[in-house]
Amino acid sequence: RRIAHRYLDKYACLQSSKEVVEDALQFYMLPMDLQEHLSSKYGGPLPTTWYESLDQLKSSSTVDDAYDCGKLWRLLLDHPMTSYVPVQCQSCGHVVPDQYPTKQSDAEVGLREIAPTGDELELRAGWFRGPRKAVVF
C-alpha cells in the first residue's frame with residue numbers, strides 16, 4: 001500500500017495533466033500479437049493502443065455503472081503493461097540474471113574483481129558506478 005501511495009503522490013506532483021498522460025497512452029500502436037492476446041484474455045475488440053487497453057480493463061471491472069476498484073486493481077496488476085521485465089543490456093539485449101543465489105558465476109555474468117583506486121578506496125564493499133564500468137570489489 002505504501003508503494004502505491006508513493007506512486008500516487010508522485011503522479012500528483014507531476015506537471016502533466018490528465019490529457020497529456022492520455023495522449024501519451026494513445027501515441028504508440030501495440031504489436032498485433034499483443035493486441036490479439038489482450039483481446040482473447042479480456043474480451044472485446046482488438047485494442048490498438050495502451051489507452052484502449054486500459055478502457056478495456058475499465059469496462060471489464062464496471063459493475064452497475066460504477067468501477068469495482070478492487071477488480072480493476074487486480075486486472076491492472078495482471079496486465080502485460082505492468083508485467084515484470086528483467087534487466088538487460090541496452091546494446092546487446094543480454095538478460096542479466098536477477099535470482100539469488102545465482103546459477104552463473106560472476107565471470108559468466110560479466111563481472112570481475114579489480115582493486116579500487118582513488119576515491120573508491122573509501123568504499124569498503126559493494127557496487128561502484130563511477131567513470132569505469134560497473135564492477136564488484
# chains A, B, ... in the order shown; residues from 1 in each chain; ligands from 1

$ residues_around --residues "region 96-100 of chain A" --least-positions-apart "2" --cutoff "8 Å" --atoms "only C-alpha atoms" --output "ChimeraX atom specification"
/A:86-89,94,102-103,109

$ closest_residue --among "A:Leu77, A:Leu38, A:Ala66, A:Val21" --to "Ala4 (chain A)" --atoms "only C-alpha atoms"
A:Leu77

$ decode --residues "region 29-118 of chain A" --atoms "C-alpha atoms" --output "PDB file, in the first residue's frame"
ATOM      1  CA  MET A  29       0.452   1.265 -31.523  1.00  0.00           C
ATOM      2  CA  LEU A  30       0.554  -2.138 -29.829  1.00  0.00           C
ATOM      3  CA  PRO A  31       2.084  -5.077 -31.725  1.00  0.00           C
ATOM      4  CA  MET A  32      -0.514  -7.332 -33.358  1.00  0.00           C
ATOM      5  CA  ASP A  33       0.346 -10.377 -31.226  1.00  0.00           C
ATOM      6  CA  LEU A  34      -0.157  -8.327 -28.040  1.00  0.00           C
ATOM      7  CA  GLN A  35      -3.453  -6.957 -29.388  1.00  0.00           C
ATOM      8  CA  GLU A  36      -4.686 -10.499 -30.045  1.00  0.00           C
ATOM      9  CA  HIS A  37      -3.519 -11.675 -26.609  1.00  0.00           C
ATOM     10  CA  LEU A  38      -5.329  -8.824 -24.838  1.00  0.00           C
ATOM     11  CA  SER A  39      -8.485  -9.348 -26.876  1.00  0.00           C
ATOM     12  CA  SER A  40      -8.601 -13.060 -26.102  1.00  0.00           C
ATOM     13  CA  LYS A  41      -7.773 -12.544 -22.413  1.00  0.00           C
ATOM     14  CA  TYR A  42     -10.161  -9.657 -21.661  1.00  0.00           C
ATOM     15  CA  GLY A  43     -12.699  -9.952 -24.494  1.00  0.00           C
ATOM     16  CA  GLY A  44     -13.918  -7.231 -26.828  1.00  0.00           C
ATOM     17  CA  PRO A  45     -12.307  -5.737 -29.924  1.00  0.00           C
ATOM     18  CA  LEU A  46      -8.565  -5.610 -30.510  1.00  0.00           C
ATOM     19  CA  PRO A  47      -7.063  -2.721 -28.507  1.00  0.00           C
ATOM     20  CA  THR A  48      -4.652  -0.795 -30.743  1.00  0.00           C
ATOM     21  CA  THR A  49      -3.081   1.406 -28.014  1.00  0.00           C
ATOM     22  CA  TRP A  50      -2.389   1.206 -24.274  1.00  0.00           C
ATOM     23  CA  TYR A  51      -5.218   3.710 -23.768  1.00  0.00           C
ATOM     24  CA  GLU A  52      -7.739   1.403 -25.457  1.00  0.00           C
ATOM     25  CA  SER A  53      -6.343  -1.490 -23.437  1.00  0.00           C
ATOM     26  CA  LEU A  54      -6.971   0.423 -20.192  1.00  0.00           C
ATOM     27  CA  ASP A  55     -10.505   1.240 -21.358  1.00  0.00           C
ATOM     28  CA  GLN A  56     -10.947  -2.481 -21.899  1.00  0.00           C
ATOM     29  CA  LEU A  57      -9.943  -3.116 -18.264  1.00  0.00           C
ATOM     30  CA  LYS A  58     -12.275  -0.393 -17.017  1.00  0.00           C
ATOM     31  CA  SER A  59     -15.214  -1.902 -18.884  1.00  0.00           C
ATOM     32  CA  SER A  60     -14.317  -5.364 -17.518  1.00  0.00           C
ATOM     33  CA  SER A  61     -14.418  -4.046 -13.954  1.00  0.00           C
ATOM     34  CA  THR A  62     -17.616  -1.993 -14.260  1.00  0.00           C
ATOM     35  CA  VAL A  63     -20.495  -3.192 -12.089  1.00  0.00           C
ATOM     36  CA  ASP A  64     -23.808  -1.284 -12.155  1.00  0.00           C
ATOM     37  CA  ASP A  65     -22.244   1.758 -13.885  1.00  0.00           C
ATOM     38  CA  ALA A  66     -19.540   2.059 -11.210  1.00  0.00           C
ATOM     39  CA  TYR A  67     -15.962   0.800 -11.090  1.00  0.00           C
ATOM     40  CA  ASP A  68     -15.135  -2.086  -8.818  1.00  0.00           C
ATOM     41  CA  CYS A  69     -11.773  -0.628  -7.754  1.00  0.00           C
ATOM     42  CA  GLY A  70     -10.539  -3.916  -6.296  1.00  0.00           C
ATOM     43  CA  LYS A  71     -11.262  -5.805  -9.508  1.00  0.00           C
ATOM     44  CA  LEU A  72      -9.740  -3.036 -11.632  1.00  0.00           C
ATOM     45  CA  TRP A  73      -6.605  -3.090  -9.465  1.00  0.00           C
ATOM     46  CA  ARG A  74      -6.296  -6.903  -9.785  1.00  0.00           C
ATOM     47  CA  LEU A  75      -6.759  -6.698 -13.556  1.00  0.00           C
ATOM     48  CA  LEU A  76      -4.157  -3.948 -13.790  1.00  0.00           C
ATOM     49  CA  LEU A  77      -1.592  -5.889 -11.746  1.00  0.00           C
ATOM     50  CA  ASP A  78      -2.071  -8.897 -14.035  1.00  0.00           C
ATOM     51  CA  HIS A  79      -1.924  -6.789 -17.215  1.00  0.00           C
ATOM     52  CA  PRO A  80       1.050  -7.036 -19.636  1.00  0.00           C
ATOM     53  CA  MET A  81       1.594  -3.267 -19.210  1.00  0.00           C
ATOM     54  CA  THR A  82       2.697  -3.847 -15.612  1.00  0.00           C
ATOM     55  CA  SER A  83       4.373  -7.221 -16.077  1.00  0.00           C
ATOM     56  CA  TYR A  84       7.906  -7.796 -14.869  1.00  0.00           C
ATOM     57  CA  VAL A  85      10.658  -7.010 -17.357  1.00  0.00           C
ATOM     58  CA  PRO A  86      14.085  -8.379 -16.477  1.00  0.00           C
ATOM     59  CA  VAL A  87      17.137  -6.137 -16.514  1.00  0.00           C
ATOM     60  CA  GLN A  88      19.000  -6.411 -19.786  1.00  0.00           C
ATOM     61  CA  CYS A  89      21.869  -4.799 -21.649  1.00  0.00           C
ATOM     62  CA  GLN A  90      20.614  -1.950 -23.831  1.00  0.00           C
ATOM     63  CA  SER A  91      23.209  -2.515 -26.534  1.00  0.00           C
ATOM     64  CA  CYS A  92      23.150  -6.319 -26.975  1.00  0.00           C
ATOM     65  CA  GLY A  93      19.939  -7.380 -25.180  1.00  0.00           C
ATOM     66  CA  HIS A  94      21.688  -9.860 -22.847  1.00  0.00           C
ATOM     67  CA  VAL A  95      19.353 -10.540 -19.899  1.00  0.00           C
ATOM     68  CA  VAL A  96      21.086 -10.049 -16.547  1.00  0.00           C
ATOM     69  CA  PRO A  97      20.133 -12.856 -14.135  1.00  0.00           C
ATOM     70  CA  ASP A  98      18.487 -11.482 -11.020  1.00  0.00           C
ATOM     71  CA  GLN A  99      17.978 -14.577  -8.885  1.00  0.00           C
ATOM     72  CA  TYR A 100      19.881 -15.219  -5.683  1.00  0.00           C
ATOM     73  CA  PRO A 101      21.895 -17.323  -5.300  1.00  0.00           C
ATOM     74  CA  THR A 102      22.843 -17.051  -8.925  1.00  0.00           C
ATOM     75  CA  LYS A 103      23.227 -20.064 -11.159  1.00  0.00           C
ATOM     76  CA  GLN A 104      26.053 -18.356 -13.048  1.00  0.00           C
ATOM     77  CA  SER A 105      29.425 -17.236 -11.781  1.00  0.00           C
ATOM     78  CA  ASP A 106      30.424 -13.574 -11.772  1.00  0.00           C
ATOM     79  CA  ALA A 107      32.663 -14.174 -14.790  1.00  0.00           C
ATOM     80  CA  GLU A 108      29.786 -15.708 -16.764  1.00  0.00           C
ATOM     81  CA  VAL A 109      27.617 -12.677 -15.987  1.00  0.00           C
ATOM     82  CA  GLY A 110      30.425 -10.308 -16.952  1.00  0.00           C
ATOM     83  CA  LEU A 111      31.588  -9.121 -13.527  1.00  0.00           C
ATOM     84  CA  ARG A 112      35.176  -9.207 -12.378  1.00  0.00           C
ATOM     85  CA  GLU A 113      37.001  -8.135  -9.262  1.00  0.00           C
ATOM     86  CA  ILE A 114      39.551  -5.344  -9.507  1.00  0.00           C
ATOM     87  CA  ALA A 115      41.344  -3.355  -6.865  1.00  0.00           C
ATOM     88  CA  PRO A 116      39.762   0.015  -6.008  1.00  0.00           C
ATOM     89  CA  THR A 117      41.600   3.208  -6.994  1.00  0.00           C
ATOM     90  CA  GLY A 118      41.492   6.834  -5.838  1.00  0.00           C
TER      91      GLY A 118
END
